[in-house]
Amino acid sequence: MSVCVIGAGLSGLATARALAVKGIDFVCLERAVDVGGIWRQPGAGEPGPGYQSLHLNTAKQLTGYTEFPMPDAYPLYPRHSEVAAYLRSFAEWAGVLDRIEFGVEVVSVRQEEGDDASWTVVSRGADGTLESRRFAHVVVASGHNTVPTLPKPSPPGSDGFAGRILHAVDYQHGADFAEQRVVVVGLGASAVDIATDLSRHAARTVLSVRRGLHIVPKQLYGMSVDEMAEVSWFTAMSLPEQVDFAEKALQVARGRLSDYGLPEPDHPLFSSPVTISDEILSRIRHGAVHPRPGIDHLDGARVVFTDGTSEEADAIVYCTGYEMDFPFLPEGCPAGPGGSVELYRRVVAPGRPGLYFVGLVRPMGAITRLVEAQTHWVARIIGGEVVLPDADVMGEEVDAYLSGIAARYGTAAGGSSIQVDVGPYLKEMRGLQTV
């Protein structure tokens, strides 16, 4: 068979559609029992980064596939169950369900020596049986929220904490913490979602924030912020002009974050990931969520913060993110020794012909248009319509990109190395379609 696609979430399904349109033979391996990735997990009760209050932070018209829009009856920001049903409907419409093997986990992906440079994929079925197959191409579309990260080192006293300590990956619903006192650690998307959800069930919800982040509402001037990222009048601005425009808009929309008891960001807008939320600042103003600084140490059932204040707590939920991990791939791929993801045009692994990544980007806005552009390009490469440059030329492009990332974000390691600006990257990928 020509191609193995790993994962049947939003990116994997887009890849399957692009390959099917080109008439390219493929199989898609998905370890879950249905399509949808994180969007079906809350309803299915499977472990993963999804939780019951999960909704889209991006507008449905940009998050839905171009050829198969989300239903008109959906709200602008659908909940997880609606997104999962939509992805299932897309798979049926695209005619790719019979090409997906469910309950199959990929164990190993290794490139064979020789002229054909084919890839051997070892997978484990639901019954535990291992199967080895050879492919000319492998497309990794399994996402990057894989390994939950906890503070290292843990706050002193963690081993003796009288309550429960968990990561956001273990969180499902605020009702599980009814009448409890809960400390949520972090200020990213999952932290503010979980704190908001808890505030409607818990006896007391505390949000512990070590470093300030820019909190952006889902809409500015009546327009979804992800729509704004693509409109011509915004993309025509230079980055400093975009920053100035957005910061002034945020000042009008919500004022200073310090007025809510949160630390002010120590970095300009767009030089670090932003947190999109319509609710967290409102819940703080309503007295339902109580901001505190970072945790200094734990003392029995008491959480002591860096300003000397403390709270009794029954549980601590660490919303401290995830590490990218692809244990089935060769060491050093796609992340190099420094922890930076090293992919040509954020898709192709230099020096590893036949290996591609789809959806391994982090935009401020909807990812779907970027994913679709990636899949169209990958399908053209696999179909022989595009000839990639030599590995050293691809490496030069990667180095230049990572240098720009480091200059803008202060580091090119980890999640920073997959940051992209929607408008410029979409233009770049669409330009590759004509080569």
# chains A, B, ... in the order shown; residues from 1 in each chain; ligands from 1

call {"tool": "select_by_dssp", "arguments": {"residues": "segment 126-241 of chain A", "states": "alpha helix (DSSP H)", "output": "ChimeraX atom specification"}}
result
/A:189-198,225-228,232-235,239-241

call {"tool": "residues_around", "arguments": {"residues": "Val243 of chain A", "least_positions_apart": "4", "cutoff": "10 Å", "atoms": "only C-alpha atoms", "output": "ChimeraX atom specification"}}
result
/A:237-239,247-249,268-271

call {"tool": "closest_atom_pairs", "arguments": {"of": "segment 100-219 of chain A", "to": "segment 349-363 of chain A", "cutoff": "10 Å", "atoms": "only C-alpha atoms", "output": "CSV"}}
result
residue,atom,partner,partner_atom,distance
A:Val109,CA,A:Leu355,CA,9.8
A:Gln111,CA,A:Arg352,CA,7.9
A:Asp116,CA,A:Pro353,CA,9.6
A:Ala117,CA,A:Pro353,CA,7.1
A:Ser118,CA,A:Gly354,CA,7.5
A:Trp119,CA,A:Gly354,CA,7.8
A:Phe135,CA,A:Gly354,CA,8.9
A:Ala136,CA,A:Gly354,CA,6.3
A:His137,CA,A:Gly354,CA,4.3
A:Val138,CA,A:Leu355,CA,5.1
A:Val139,CA,A:Tyr356,CA,4.8
A:Val140,CA,A:Phe357,CA,4.8
A:Ala141,CA,A:Val358,CA,5.1
A:Ser142,CA,A:Gly359,CA,8.2
A:Gly143,CA,A:Leu360,CA,6.5
A:His144,CA,A:Leu360,CA,6.7

call {"tool": "closest_residue", "arguments": {"among": "A:Val348, A:Val96, A:Ile405, A:Ile24", "to": "Pro389 of chain A", "atoms": "only C-alpha atoms"}}
result
A:Val348

call {"tool": "closest_residue", "arguments": {"among": "A:Ala406, A:Ala366, A:Ile284, A:Leu207", "to": "Val422 of chain A", "atoms": "only C-alpha atoms"}}
result
A:Ala366
